[in-house]
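J.: Have a peek at structure-v2.cif (mmCIF, C-alpha atoms (C1' of nucleotides)).
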```cif
data_coords
#
loop_
_atom_site.label_atom_id
_atom_site.label_comp_id
_atom_site.auth_asym_id
_atom_site.auth_seq_id
_atom_site.Cartn_x
_atom_site.Cartn_y
_atom_site.Cartn_z
CA MET A 1 -107.64 -41.27 -57.14
CA LEU A 2 -107.35 -40.46 -53.46
CA SER A 3 -106.14 -36.98 -52.62
CA SER A 4 -102.94 -36.70 -50.62
CA ARG A 5 -103.68 -33.22 -49.30
CA PHE A 6 -104.69 -34.56 -45.93
CA PRO A 7 -101.55 -36.60 -45.16
CA VAL A 8 -99.32 -33.82 -46.49
CA ALA A 9 -101.10 -31.30 -44.25
CA VAL A 10 -100.50 -33.59 -41.28
CA GLN A 11 -96.84 -33.89 -42.17
CA ILE A 12 -96.56 -30.11 -42.39
CA LEU A 13 -98.03 -29.68 -38.93
CA ILE A 14 -95.88 -32.41 -37.41
CA ILE A 15 -92.74 -30.76 -38.74
CA MET A 16 -93.89 -27.38 -37.45
CA ALA A 17 -94.57 -28.85 -34.02
CA TRP A 18 -91.41 -30.89 -33.99
CA CYS A 19 -88.76 -28.44 -35.12
CA PRO A 20 -86.87 -26.32 -32.58
CA ASP A 21 -87.47 -22.58 -32.67
CA ASN A 22 -84.23 -21.89 -34.45
CA VAL A 23 -85.43 -23.73 -37.52
CA LYS A 24 -87.12 -21.46 -40.02
CA ILE A 25 -90.20 -23.15 -41.43
CA THR A 26 -90.52 -22.21 -45.09
CA SER A 27 -92.50 -23.81 -47.83
CA GLU A 28 -89.24 -24.94 -49.38
CA LEU A 29 -88.14 -26.71 -46.21
CA LEU A 30 -91.47 -28.49 -45.98
CA ALA A 31 -91.39 -29.31 -49.66
CA THR A 32 -88.03 -30.98 -49.18
CA SER A 33 -89.38 -33.23 -46.45
CA VAL A 34 -92.54 -34.07 -48.38
CA ASN A 35 -90.50 -34.28 -51.56
CA THR A 36 -92.68 -32.07 -53.69
CA ASN A 37 -92.90 -28.53 -55.03
CA PRO A 38 -93.06 -25.54 -52.63
CA VAL A 39 -96.19 -24.32 -54.40
CA ILE A 40 -97.98 -27.52 -53.45
CA ILE A 41 -97.04 -26.85 -49.83
CA ARG A 42 -98.25 -23.25 -50.01
CA ARG A 43 -101.58 -24.34 -51.42
CA ILE A 44 -102.08 -26.70 -48.50
CA MET A 45 -100.78 -24.13 -46.01
CA ALA A 46 -103.40 -21.74 -47.32
CA TYR A 47 -106.06 -24.20 -46.17
CA LEU A 48 -104.44 -24.51 -42.75
CA LYS A 49 -104.09 -20.74 -42.49
CA ASN A 50 -107.69 -20.24 -43.51
CA GLN A 51 -108.75 -22.65 -40.79
CA GLY A 52 -106.80 -20.68 -38.17
CA LEU A 53 -104.25 -23.40 -37.48
CA ILE A 54 -101.09 -21.62 -38.59
CA THR A 55 -99.69 -18.26 -39.56
CA THR A 56 -97.36 -17.68 -42.44
CA ALA A 57 -94.91 -14.85 -42.95
CA SER A 58 -93.27 -13.53 -46.02
CA SER A 59 -89.61 -12.75 -46.01
CA ILE A 60 -87.46 -13.97 -43.17
CA ASP A 61 -89.84 -15.31 -40.54
CA GLY A 62 -91.04 -18.84 -40.80
CA ALA A 63 -94.55 -20.19 -40.37
CA LYS A 64 -95.88 -20.74 -36.87
CA LEU A 65 -98.60 -22.80 -35.26
CA ILE A 66 -101.42 -20.72 -33.84
CA LYS A 67 -103.01 -23.45 -31.78
CA ALA A 68 -100.92 -25.71 -29.59
CA ALA A 69 -100.11 -29.09 -31.12
CA GLU A 70 -102.13 -30.69 -28.32
CA ASP A 71 -105.19 -28.76 -29.46
CA ILE A 72 -104.98 -29.61 -33.16
CA THR A 73 -106.70 -32.88 -33.97
CA LEU A 74 -106.67 -34.84 -37.19
CA LEU A 75 -110.29 -33.78 -37.55
CA ASP A 76 -109.24 -30.13 -37.65
CA VAL A 77 -106.77 -30.93 -40.38
CA TYR A 78 -109.22 -33.09 -42.27
CA LYS A 79 -111.88 -30.41 -42.22
CA ALA A 80 -109.36 -27.79 -43.28
CA VAL A 81 -108.17 -29.55 -46.40
CA GLU A 82 -110.61 -32.23 -47.41
CA LEU A 83 -114.23 -31.47 -46.76
CA THR A 84 -116.43 -29.88 -49.35
CA ALA A 85 -118.65 -26.92 -48.69
CA ASP A 86 -121.59 -29.03 -47.58
CA ASN A 87 -119.49 -31.20 -45.28
CA GLN A 88 -120.31 -34.41 -47.08
CA LEU A 89 -118.16 -37.50 -47.12
CA PHE A 90 -120.23 -39.35 -49.69
CA GLY A 91 -121.62 -38.10 -52.94
CA LEU A 92 -125.28 -38.38 -53.78
CA HIS A 93 -126.94 -38.92 -57.10
CA GLU A 94 -129.05 -35.84 -57.69
CA ASN A 95 -132.14 -35.71 -59.90
CA THR A 96 -133.47 -39.11 -58.90
CA ASN A 97 -136.94 -39.85 -60.28
CA PRO A 98 -139.53 -38.05 -58.11
CA HIS A 99 -142.26 -40.29 -59.49
CA CYS A 100 -140.66 -43.31 -57.85
CA PRO A 101 -141.23 -43.38 -54.08
CA ILE A 102 -137.73 -44.69 -53.50
CA GLY A 103 -136.11 -42.28 -55.91
CA LYS A 104 -137.99 -39.45 -54.30
CA HIS A 105 -136.90 -40.15 -50.73
CA ILE A 106 -133.65 -42.05 -51.09
CA ASN A 107 -131.39 -39.06 -50.57
CA THR A 108 -133.14 -37.98 -47.39
CA VAL A 109 -132.81 -41.48 -45.98
CA LEU A 110 -129.20 -41.80 -47.06
CA LYS A 111 -128.21 -38.44 -45.65
CA THR A 112 -129.32 -39.56 -42.22
CA HIS A 113 -127.44 -42.84 -42.19
CA LEU A 114 -124.37 -41.71 -44.07
CA GLY A 115 -124.22 -38.73 -41.73
CA GLU A 116 -123.91 -41.17 -38.85
CA ALA A 117 -121.04 -42.92 -40.57
CA ARG A 118 -119.35 -39.61 -41.22
CA ARG A 119 -119.68 -38.66 -37.57
CA ALA A 120 -118.11 -41.96 -36.57
CA LEU A 121 -115.16 -41.18 -38.81
CA GLU A 122 -114.88 -37.66 -37.48
CA ASN A 123 -115.08 -38.79 -33.86
CA SER A 124 -112.20 -41.13 -34.50
CA LEU A 125 -110.16 -38.40 -36.16
CA SER A 126 -110.88 -36.01 -33.32
CA GLU A 127 -109.28 -38.36 -30.82
CA ILE A 128 -105.82 -37.98 -32.30
CA SER A 129 -103.84 -34.77 -31.88
CA ILE A 130 -100.79 -33.56 -33.72
CA SER A 131 -98.80 -33.70 -30.48
CA GLU A 132 -99.60 -37.39 -30.13
CA LEU A 133 -98.25 -38.02 -33.59
CA THR A 134 -95.22 -35.90 -32.80
CA LYS A 135 -94.41 -38.19 -29.87
CA GLU A 136 -93.92 -41.04 -32.27
CA PHE A 137 -90.99 -39.15 -33.71
CA SER A 138 -89.43 -38.31 -30.33
CA PRO A 139 -86.40 -40.58 -30.84
CA PHE A 140 -85.48 -38.57 -33.88
CA ALA A 141 -86.20 -35.28 -32.15
CA GLU A 142 -83.71 -36.11 -29.40
CA PHE A 143 -81.14 -37.06 -31.95
CA TYR A 144 -81.74 -33.78 -33.71
CA ASN A 145 -81.54 -31.73 -30.51
CA ASN A 146 -78.28 -33.35 -29.51
CA LEU A 147 -76.71 -32.08 -32.67
CA GLY A 148 -77.02 -28.46 -31.59
CA LEU A 149 -77.13 -25.56 -33.95
CA ASP A 150 -73.78 -26.10 -35.60
CA GLY A 151 -73.75 -29.87 -35.62
CA ALA A 152 -77.03 -29.87 -37.42
CA LYS A 153 -75.29 -28.73 -40.55
CA LYS A 154 -73.65 -32.11 -40.84
CA LEU A 155 -76.96 -33.74 -41.52
CA ALA A 156 -76.85 -33.56 -45.29
CA PRO A 157 -78.35 -34.85 -47.52
CA PHE A 158 -81.28 -33.00 -46.04
CA PRO A 159 -79.95 -29.44 -46.03
CA PRO A 160 -83.12 -27.32 -45.96
CA LEU A 161 -84.19 -28.68 -42.58
CA LEU A 162 -80.89 -27.54 -41.14
CA GLU A 163 -81.05 -23.89 -42.00
CA THR A 164 -81.41 -21.72 -38.93
CA LYS A 165 -82.39 -18.12 -38.55
CA MET B 1 -116.20 -34.56 -57.17
CA LEU B 2 -117.60 -37.21 -54.89
CA SER B 3 -118.56 -40.43 -56.60
CA SER B 4 -122.24 -41.37 -56.51
CA ARG B 5 -121.63 -45.07 -57.12
CA PHE B 6 -122.21 -45.92 -53.48
CA PRO B 7 -125.62 -44.23 -53.06
CA VAL B 8 -126.78 -45.54 -56.43
CA ALA B 9 -125.76 -49.07 -55.43
CA VAL B 10 -127.75 -48.71 -52.23
CA GLN B 11 -130.77 -47.50 -54.18
CA ILE B 12 -130.49 -50.49 -56.50
CA LEU B 13 -130.47 -52.91 -53.59
CA ILE B 14 -133.35 -51.19 -51.85
CA ILE B 15 -135.48 -51.44 -54.95
CA MET B 16 -134.55 -55.09 -55.39
CA ALA B 17 -135.45 -55.83 -51.78
CA TRP B 18 -138.58 -53.73 -51.89
CA CYS B 19 -140.25 -54.81 -55.11
CA PRO B 20 -142.72 -57.71 -55.10
CA ASP B 21 -141.69 -60.84 -56.95
CA ASN B 22 -143.85 -60.02 -59.92
CA VAL B 23 -141.77 -56.98 -60.74
CA LYS B 24 -138.96 -57.75 -63.16
CA ILE B 25 -135.82 -55.97 -62.08
CA THR B 26 -133.99 -54.80 -65.17
CA SER B 27 -131.28 -52.24 -65.56
CA GLU B 28 -133.74 -50.03 -67.36
CA LEU B 29 -136.21 -50.15 -64.50
CA LEU B 30 -133.50 -49.23 -62.04
CA ALA B 31 -132.18 -46.54 -64.34
CA THR B 32 -135.64 -44.98 -64.43
CA SER B 33 -135.76 -44.76 -60.65
CA VAL B 34 -132.23 -43.43 -60.39
CA ASN B 35 -132.83 -41.26 -63.44
CA THR B 36 -129.74 -42.23 -65.35
CA ASN B 37 -128.59 -44.49 -68.17
CA PRO B 38 -129.05 -48.28 -67.96
CA VAL B 39 -125.35 -48.76 -68.68
CA ILE B 40 -124.48 -46.84 -65.52
CA ILE B 41 -126.69 -49.24 -63.59
CA ARG B 42 -125.12 -52.28 -65.21
CA ARG B 43 -121.66 -51.06 -64.35
CA ILE B 44 -122.62 -50.73 -60.70
CA MET B 45 -124.49 -54.04 -60.76
CA ALA B 46 -121.30 -55.65 -62.01
CA TYR B 47 -119.62 -54.56 -58.75
CA LEU B 48 -122.49 -55.96 -56.71
CA LYS B 49 -122.47 -59.17 -58.70
CA ASN B 50 -118.72 -59.48 -58.30
CA GLN B 51 -119.13 -59.09 -54.54
CA GLY B 52 -121.70 -61.89 -54.45
CA LEU B 53 -124.63 -59.69 -53.47
CA ILE B 54 -126.84 -60.18 -56.51
CA THR B 55 -127.34 -62.26 -59.60
CA THR B 56 -128.26 -60.88 -62.96
CA ALA B 57 -129.97 -62.64 -65.83
CA SER B 58 -130.07 -61.89 -69.45
CA SER B 59 -133.30 -62.14 -71.35
CA ILE B 60 -136.49 -62.32 -69.44
CA ASP B 61 -135.55 -62.93 -65.82
CA GLY B 62 -134.78 -60.01 -63.62
CA ALA B 63 -131.91 -59.56 -61.19
CA LYS B 64 -132.16 -61.17 -57.76
CA LEU B 65 -130.57 -60.66 -54.38
CA ILE B 66 -128.31 -63.54 -53.36
CA LYS B 67 -128.02 -62.59 -49.72
CA ALA B 68 -131.09 -61.62 -47.70
CA ALA B 69 -131.61 -57.90 -47.33
CA GLU B 70 -131.08 -58.34 -43.59
CA ASP B 71 -127.61 -59.70 -44.25
CA ILE B 72 -126.44 -56.97 -46.62
CA THR B 73 -124.95 -54.03 -44.75
CA LEU B 74 -123.93 -50.66 -46.08
CA LEU B 75 -120.35 -51.79 -45.49
CA ASP B 76 -120.83 -54.65 -47.96
CA VAL B 77 -122.08 -52.19 -50.53
CA TYR B 78 -119.37 -49.67 -49.78
CA LYS B 79 -116.65 -52.27 -50.16
CA ALA B 80 -118.18 -53.55 -53.35
CA VAL B 81 -118.23 -50.26 -55.20
CA GLU B 82 -115.95 -47.78 -53.51
CA LEU B 83 -112.83 -49.22 -51.96
CA THR B 84 -109.59 -49.41 -53.85
CA ALA B 85 -107.50 -52.53 -54.09
CA ASP B 86 -105.50 -51.72 -50.95
CA ASN B 87 -108.61 -50.90 -48.91
CA GLN B 88 -107.53 -47.37 -48.16
CA LEU B 89 -109.86 -44.50 -47.38
CA PHE B 90 -107.19 -41.82 -47.46
CA GLY B 91 -104.48 -41.27 -50.01
CA LEU B 92 -100.84 -41.02 -49.00
CA HIS B 93 -98.10 -38.96 -50.51
CA GLU B 94 -95.55 -41.44 -51.77
CA ASN B 95 -91.87 -40.72 -52.23
CA THR B 96 -91.44 -38.61 -49.13
CA ASN B 97 -87.84 -37.67 -48.38
CA PRO B 98 -86.12 -40.65 -46.70
CA HIS B 99 -83.35 -38.38 -45.42
CA CYS B 100 -85.86 -36.56 -43.21
CA PRO B 101 -86.85 -38.64 -40.18
CA ILE B 102 -90.41 -37.43 -40.42
CA GLY B 103 -90.62 -37.91 -44.15
CA LYS B 104 -89.19 -41.39 -43.74
CA HIS B 105 -91.71 -42.60 -41.16
CA ILE B 106 -94.78 -40.44 -41.69
CA ASN B 107 -96.65 -42.93 -43.82
CA THR B 108 -96.18 -45.77 -41.36
CA VAL B 109 -97.49 -43.60 -38.54
CA LEU B 110 -100.37 -42.30 -40.61
CA LYS B 111 -101.41 -45.73 -41.79
CA THR B 112 -101.90 -46.81 -38.18
CA HIS B 113 -104.04 -43.88 -37.15
CA LEU B 114 -105.95 -43.43 -40.37
CA GLY B 115 -106.64 -47.13 -40.32
CA GLU B 116 -108.37 -46.63 -36.98
CA ALA B 117 -110.52 -43.91 -38.47
CA ARG B 118 -111.38 -46.10 -41.40
CA ARG B 119 -112.42 -48.91 -39.09
CA ALA B 120 -114.66 -46.51 -37.19
CA LEU B 121 -116.34 -45.57 -40.44
CA GLU B 122 -116.70 -49.19 -41.48
CA ASN B 123 -118.10 -50.23 -38.12
CA SER B 124 -120.74 -47.58 -38.48
CA LEU B 125 -121.59 -48.68 -41.99
CA SER B 126 -121.79 -52.31 -40.91
CA GLU B 127 -124.53 -51.50 -38.42
CA ILE B 128 -127.04 -50.58 -41.11
CA SER B 129 -128.60 -53.22 -43.32
CA ILE B 130 -130.50 -52.85 -46.55
CA SER B 131 -133.60 -54.25 -44.86
CA GLU B 132 -133.49 -51.47 -42.28
CA LEU B 133 -133.41 -48.92 -45.03
CA THR B 134 -136.23 -50.71 -46.80
CA LYS B 135 -138.39 -50.30 -43.71
CA GLU B 136 -138.24 -46.56 -44.12
CA PHE B 137 -140.09 -46.99 -47.38
CA SER B 138 -142.75 -49.32 -45.96
CA PRO B 139 -145.57 -46.75 -46.29
CA PHE B 140 -144.97 -46.66 -49.99
CA ALA B 141 -144.59 -50.43 -50.20
CA GLU B 142 -148.06 -50.91 -48.72
CA PHE B 143 -149.47 -48.40 -51.09
CA TYR B 144 -147.85 -50.24 -53.94
CA ASN B 145 -149.02 -53.65 -52.78
CA ASN B 146 -152.58 -52.42 -52.44
CA LEU B 147 -152.59 -51.58 -56.09
CA GLY B 148 -152.35 -55.20 -57.13
CA LEU B 149 -150.98 -56.37 -60.40
CA ASP B 150 -153.43 -54.62 -62.63
CA GLY B 151 -153.91 -51.45 -60.63
CA ALA B 152 -150.20 -50.93 -60.63
CA LYS B 153 -150.42 -49.91 -64.26
CA LYS B 154 -152.16 -46.75 -63.26
CA LEU B 155 -149.07 -45.44 -61.56
CA ALA B 156 -147.66 -43.54 -64.51
CA PRO B 157 -145.60 -41.45 -64.92
CA PHE B 158 -143.27 -44.12 -63.63
CA PRO B 159 -144.03 -46.91 -66.06
CA PRO B 160 -140.94 -49.13 -65.92
CA LEU B 161 -141.49 -49.98 -62.26
CA LEU B 162 -144.90 -51.26 -63.13
CA GLU B 163 -144.01 -53.85 -65.69
CA THR B 164 -144.62 -57.34 -64.45
CA LYS B 165 -143.50 -60.66 -65.74
"C1'" DT C 1 -82.58 2.84 -51.40
"C1'" DA C 2 -81.49 -1.47 -53.41
"C1'" DT C 3 -81.17 -6.22 -52.45
"C1'" DT C 4 -82.77 -10.49 -50.95
"C1'" DA C 5 -85.90 -14.08 -49.37
"C1'" DG C 6 -90.10 -15.78 -49.26
"C1'" DT C 7 -95.25 -15.65 -49.93
"C1'" DG C 8 -99.49 -15.70 -52.70
"C1'" DG C 9 -101.67 -16.52 -56.68
"C1'" DA C 10 -102.52 -17.06 -61.61
"C1'" DA C 11 -101.97 -19.91 -65.57
"C1'" DC C 12 -101.12 -24.01 -67.61
"C1'" DC C 13 -100.14 -29.10 -68.22
"C1'" DG C 14 -100.79 -34.24 -68.21
"C1'" DA C 15 -102.86 -37.98 -65.95
"C1'" DC C 16 -106.74 -39.74 -64.01
"C1'" DT C 17 -111.74 -40.28 -62.57
"C1'" DT C 18 -116.52 -39.90 -63.35
"C1'" DG C 19 -121.16 -39.85 -65.33
"C1'" DG C 20 -123.07 -40.22 -69.61
"C1'" DT C 21 -123.86 -42.05 -74.33
"C1'" DT C 22 -123.81 -45.04 -78.40
"C1'" DA C 23 -123.05 -49.32 -80.40
"C1'" DC C 24 -122.86 -54.12 -80.72
"C1'" DA C 25 -122.07 -59.10 -79.71
"C1'" DG C 26 -124.07 -62.76 -77.13
"C1'" DA C 27 -127.28 -65.33 -74.08
"C1'" DG C 28 -131.68 -67.08 -73.38
"C1'" DA C 29 -136.70 -67.46 -73.44
"C1'" DA C 30 -140.81 -67.46 -76.40
"C1'" DT D 1 -136.18 -67.01 -85.55
"C1'" DT D 2 -137.41 -63.14 -82.92
"C1'" DC D 3 -137.30 -60.42 -78.95
"C1'" DT D 4 -135.36 -58.83 -74.68
"C1'" DC D 5 -131.83 -57.86 -71.90
"C1'" DT D 6 -126.96 -58.18 -70.40
"C1'" DG D 7 -122.08 -57.20 -70.77
"C1'" DT D 8 -118.63 -54.60 -72.57
"C1'" DA D 9 -116.01 -51.65 -75.42
"C1'" DA D 10 -115.26 -47.07 -77.11
"C1'" DC D 11 -115.69 -42.47 -76.74
"C1'" DC D 12 -116.84 -37.80 -74.74
"C1'" DA D 13 -117.01 -33.65 -71.60
"C1'" DA D 14 -116.17 -32.11 -67.19
"C1'" DG D 15 -113.85 -32.09 -63.12
"C1'" DT D 16 -109.84 -33.16 -59.85
"C1'" DC D 17 -105.20 -33.52 -58.72
"C1'" DG D 18 -100.17 -33.02 -58.38
"C1'" DG D 19 -96.88 -30.59 -60.59
"C1'" DT D 20 -94.50 -26.61 -62.77
"C1'" DT D 21 -93.39 -21.91 -64.23
"C1'" DC D 22 -93.88 -17.21 -63.67
"C1'" DC D 23 -94.52 -12.89 -61.45
"C1'" DA D 24 -96.21 -9.25 -58.29
"C1'" DC D 25 -95.91 -8.12 -53.56
"C1'" DT D 26 -94.11 -7.86 -48.78
"C1'" DA D 27 -90.82 -7.43 -45.35
"C1'" DA D 28 -86.32 -7.56 -43.37
"C1'" DT D 29 -81.65 -6.23 -44.26
"C1'" DA D 30 -77.38 -4.42 -46.05
#
```
Please re-express this file's structure in structure tokens.

T.:
Amino acid sequence: MLSSRFPVAVQILIIMAWCPDNVKITSELLATSVNTNPVIIRRIMAYLKNQGLITTASSIDGAKLIKAAEDITLLDVYKAVELTADNQLFGLHENTNPHCPIGKHINTVLKTHLGEARRALENSLSEISISELTKEFSPFAEFYNNLGLDGAKKLAPFPPLLETK
Amino acid sequence: MLSSRFPVAVQILIIMAWCPDNVKITSELLATSVNTNPVIIRRIMAYLKNQGLITTASSIDGAKLIKAAEDITLLDVYKAVELTADNQLFGLHENTNPHCPIGKHINTVLKTHLGEARRALENSLSEISISELTKEFSPFAEFYNNLGLDGAKKLAPFPPLLETK
DNA sequence: TATTAGTGGAACCGACTTGGTTACAGAGAA
DNA sequence: TTCTCTGTAACCAAGTCGGTTCCACTAATA
């Protein structure tokens, strides 16, 4: 089963970059947009926080981006939530037979070539920033901004997004 | 945990491309090189067979490559054993909130950009063929060939590789 | 100070994947 | 027939993942 941590993390960052300052970004707000449990959001936000992409705040303040949306690439997000400790995209079969020449050296050979493939993937991810993704939602952002602070409350059924500080 | 089906499949194909014709390729031979159970090998060979890369044979004949090693790329192997039905590399969170503009459109936007990343990965994988990997083992192939049919039996402890028809 | 809102994290659950193992029916060559 | 090997089913233990509940802690506020 493919993990959905990565796309959810991207969605979190897009919302944080997209929302006006008067919108308080809480895990519950984000959970409403993603349609999941706030704890799921907090787990993913912990990755993003650990990677230095966002800050979180207990009590009344919402979460904030640390880096500008232009400076956060999909690679940053991917590395924050998906990669294992040894930065590998593919698994390897350990304990191959050292008495077989191929078994003995296969992993060294594979690491080289699969590393190239991983770098190709990462290069592609690094070419897309959160701000570029945010632009694709600009029609909706304008609509939202035109509502103003009070008008926004009419937007149910999606109440959490409309809470302001 | 990262699946090791892909690297094991590559190892299988390298051995099949590398071994002289007088070596009978059985699941047990391959399992000895990989250092796992023959059933694991057969499961992976079923993927390769289904993809049209190899044939298998019950009884006395060994498995054979259908396509030439030059024409089998790592992408062929990857697609055979790793990709899901919808060809996706990344998971998506389904059931996002349709009342949130971002939640409603996030997956469409992500599919576009993550599809680009996937294509970058696949392009990289398609540039490496099994025969290129086999070349990296050529020193050992020469050594093996120099042994001849009878001398090969001295190569224990790695007996299964040495059985000939 | 007491209340309130929200975070952070532990604990647990069910569903699923994965590598591994055993067992057995069937095909095919000798 | 006998022997070898494949193909497949069944099962297991371990790990992952999304989800949920619960609770201690923090910080702003009334």

J.: Give me the result of the PyMOL selection byres ((chain B and resi 47-63) around 9) on this file, residue by residue, as a ChimeraX atom specification.

T.: /B:9,13,16,23-27,42-46,64-68,72,76-77,79-81,165 /C:27-29 /D:3-6

J.: Those selected residues, please, written with C-alpha atoms (C1' of nucleotides) and delivered as an mmCIF file, in the frame of the given file.

T.:
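The resulting out.cif:
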```
data_model
loop_
_atom_site.group_PDB
_atom_site.id
_atom_site.type_symbol
_atom_site.label_atom_id
_atom_site.label_comp_id
_atom_site.auth_asym_id
_atom_site.auth_seq_id
_atom_site.Cartn_x
_atom_site.Cartn_y
_atom_site.Cartn_z
ATOM 1 C CA ALA B 9 -125.760 -49.070 -55.430
ATOM 2 C CA LEU B 13 -130.470 -52.910 -53.590
ATOM 3 C CA MET B 16 -134.550 -55.090 -55.390
ATOM 4 C CA VAL B 23 -141.770 -56.980 -60.740
ATOM 5 C CA LYS B 24 -138.960 -57.750 -63.160
ATOM 6 C CA ILE B 25 -135.820 -55.970 -62.080
ATOM 7 C CA THR B 26 -133.990 -54.800 -65.170
ATOM 8 C CA SER B 27 -131.280 -52.240 -65.560
ATOM 9 C CA ARG B 42 -125.120 -52.280 -65.210
ATOM 10 C CA ARG B 43 -121.660 -51.060 -64.350
ATOM 11 C CA ILE B 44 -122.620 -50.730 -60.700
ATOM 12 C CA MET B 45 -124.490 -54.040 -60.760
ATOM 13 C CA ALA B 46 -121.300 -55.650 -62.010
ATOM 14 C CA LYS B 64 -132.160 -61.170 -57.760
ATOM 15 C CA LEU B 65 -130.570 -60.660 -54.380
ATOM 16 C CA ILE B 66 -128.310 -63.540 -53.360
ATOM 17 C CA LYS B 67 -128.020 -62.590 -49.720
ATOM 18 C CA ALA B 68 -131.090 -61.620 -47.700
ATOM 19 C CA ILE B 72 -126.440 -56.970 -46.620
ATOM 20 C CA ASP B 76 -120.830 -54.650 -47.960
ATOM 21 C CA VAL B 77 -122.080 -52.190 -50.530
ATOM 22 C CA LYS B 79 -116.650 -52.270 -50.160
ATOM 23 C CA ALA B 80 -118.180 -53.550 -53.350
ATOM 24 C CA VAL B 81 -118.230 -50.260 -55.200
ATOM 25 C CA LYS B 165 -143.500 -60.660 -65.740
ATOM 26 C "C1'" DA C 27 -127.280 -65.330 -74.080
ATOM 27 C "C1'" DG C 28 -131.680 -67.080 -73.380
ATOM 28 C "C1'" DA C 29 -136.700 -67.460 -73.440
ATOM 29 C "C1'" DC D 3 -137.300 -60.420 -78.950
ATOM 30 C "C1'" DT D 4 -135.360 -58.830 -74.680
ATOM 31 C "C1'" DC D 5 -131.830 -57.860 -71.900
ATOM 32 C "C1'" DT D 6 -126.960 -58.180 -70.400
#
```

J.: What residues in chain C have any atom no more than 12 Å from chain B when counting all atoms listed in the file, and can you write them as JSON, numbers by chain?

T.: {"C": [17, 18, 19, 20, 21, 22, 23, 26, 27, 28, 29, 30]}

J.: Would you save the residues of that selection, restricted to C-alpha atoms (C1' of nucleotides), as a PDB file, keeping the file's coordinate frame?

T.:
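Result written to result-v5.pdb:
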```pdb
ATOM      1  C1'  DT C  17    -111.740 -40.280 -62.570  1.00  0.00           C
ATOM      2  C1'  DT C  18    -116.520 -39.900 -63.350  1.00  0.00           C
ATOM      3  C1'  DG C  19    -121.160 -39.850 -65.330  1.00  0.00           C
ATOM      4  C1'  DG C  20    -123.070 -40.220 -69.610  1.00  0.00           C
ATOM      5  C1'  DT C  21    -123.860 -42.050 -74.330  1.00  0.00           C
ATOM      6  C1'  DT C  22    -123.810 -45.040 -78.400  1.00  0.00           C
ATOM      7  C1'  DA C  23    -123.050 -49.320 -80.400  1.00  0.00           C
ATOM      8  C1'  DG C  26    -124.070 -62.760 -77.130  1.00  0.00           C
ATOM      9  C1'  DA C  27    -127.280 -65.330 -74.080  1.00  0.00           C
ATOM     10  C1'  DG C  28    -131.680 -67.080 -73.380  1.00  0.00           C
ATOM     11  C1'  DA C  29    -136.700 -67.460 -73.440  1.00  0.00           C
ATOM     12  C1'  DA C  30    -140.810 -67.460 -76.400  1.00  0.00           C
TER      13       DA C  30
END
```

J.: Which distance in Å separates CA of Pro101 in chain A and CA of His113 in chain A, to one decimal?

T.: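 Between CA of Pro101 in chain A and CA of His113 in chain A the gap is 18.2 Å.
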
J.: Please list as a ChimeraX atom specification every residue within 12 Å of DG14 in chain C, counting all atoms listed in the file and excluding residues in the same chain fewer than 2 positions away.

T.: /C:12,16 /D:17-20

J.: With C-alpha atoms (C1' of nucleotides) kept, could you save the residues just selected as a compact mmCIF listing (two decimals), in the coordinates of the input?

T.:
```txt
# COMPACT_ATOMS: atom_id res chain seq x y z
C1' DC C 12 -101.12 -24.01 -67.61
C1' DC C 16 -106.74 -39.74 -64.01
C1' DC D 17 -105.20 -33.52 -58.72
C1' DG D 18 -100.17 -33.02 -58.38
C1' DG D 19 -96.88 -30.59 -60.59
C1' DT D 20 -94.50 -26.61 -62.77
```

J.: Report, in Å with one decimal, the straight-line distance from CA of Thr108 in chain A to CA of Asn123 in chain B.

T.: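 So the answer is 21.5 Å.
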
J.: Considering all atoms listed in the file, state which residue in the set B:Ser129, B:Ser124, B:Thr112, B:Thr73 is at the smallest distance from chain A.

T.: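 Result for the nearest residue to chain A: B:Ser124.
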
J.: CA of Pro139 in chain B and CA of Glu94 in chain A, how far apart in Å?

T.: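 According to the coordinates, CA of Glu94 in chain A and CA of Pro139 in chain B are separated by 22.8 Å.
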
J.: For the file shown, report as a PDB file with C-alpha atoms, in the frame of the given file the outcome of the PyMOL selection byres ((chain B) within 6 of (chain A)) at residue level.

T.:
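Final output, saved to out-v2.pdb:
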```pdb
ATOM      1  CA  LEU B   2    -117.600 -37.210 -54.890  1.00  0.00           C
ATOM      2  CA  SER B   3    -118.560 -40.430 -56.600  1.00  0.00           C
ATOM      3  CA  SER B   4    -122.240 -41.370 -56.510  1.00  0.00           C
ATOM      4  CA  PRO B   7    -125.620 -44.230 -53.060  1.00  0.00           C
ATOM      5  CA  SER B  33    -135.760 -44.760 -60.650  1.00  0.00           C
ATOM      6  CA  VAL B  34    -132.230 -43.430 -60.390  1.00  0.00           C
ATOM      7  CA  ASN B  35    -132.830 -41.260 -63.440  1.00  0.00           C
ATOM      8  CA  GLY B  91    -104.480 -41.270 -50.010  1.00  0.00           C
ATOM      9  CA  LEU B  92    -100.840 -41.020 -49.000  1.00  0.00           C
ATOM     10  CA  HIS B  93     -98.100 -38.960 -50.510  1.00  0.00           C
ATOM     11  CA  THR B  96     -91.440 -38.610 -49.130  1.00  0.00           C
ATOM     12  CA  ASN B  97     -87.840 -37.670 -48.380  1.00  0.00           C
ATOM     13  CA  HIS B  99     -83.350 -38.380 -45.420  1.00  0.00           C
ATOM     14  CA  CYS B 100     -85.860 -36.560 -43.210  1.00  0.00           C
ATOM     15  CA  GLY B 103     -90.620 -37.910 -44.150  1.00  0.00           C
ATOM     16  CA  ALA B 117    -110.520 -43.910 -38.470  1.00  0.00           C
ATOM     17  CA  ALA B 120    -114.660 -46.510 -37.190  1.00  0.00           C
ATOM     18  CA  LEU B 121    -116.340 -45.570 -40.440  1.00  0.00           C
ATOM     19  CA  SER B 124    -120.740 -47.580 -38.480  1.00  0.00           C
ATOM     20  CA  LEU B 125    -121.590 -48.680 -41.990  1.00  0.00           C
ATOM     21  CA  PHE B 158    -143.270 -44.120 -63.630  1.00  0.00           C
TER      22      PHE B 158
END
```
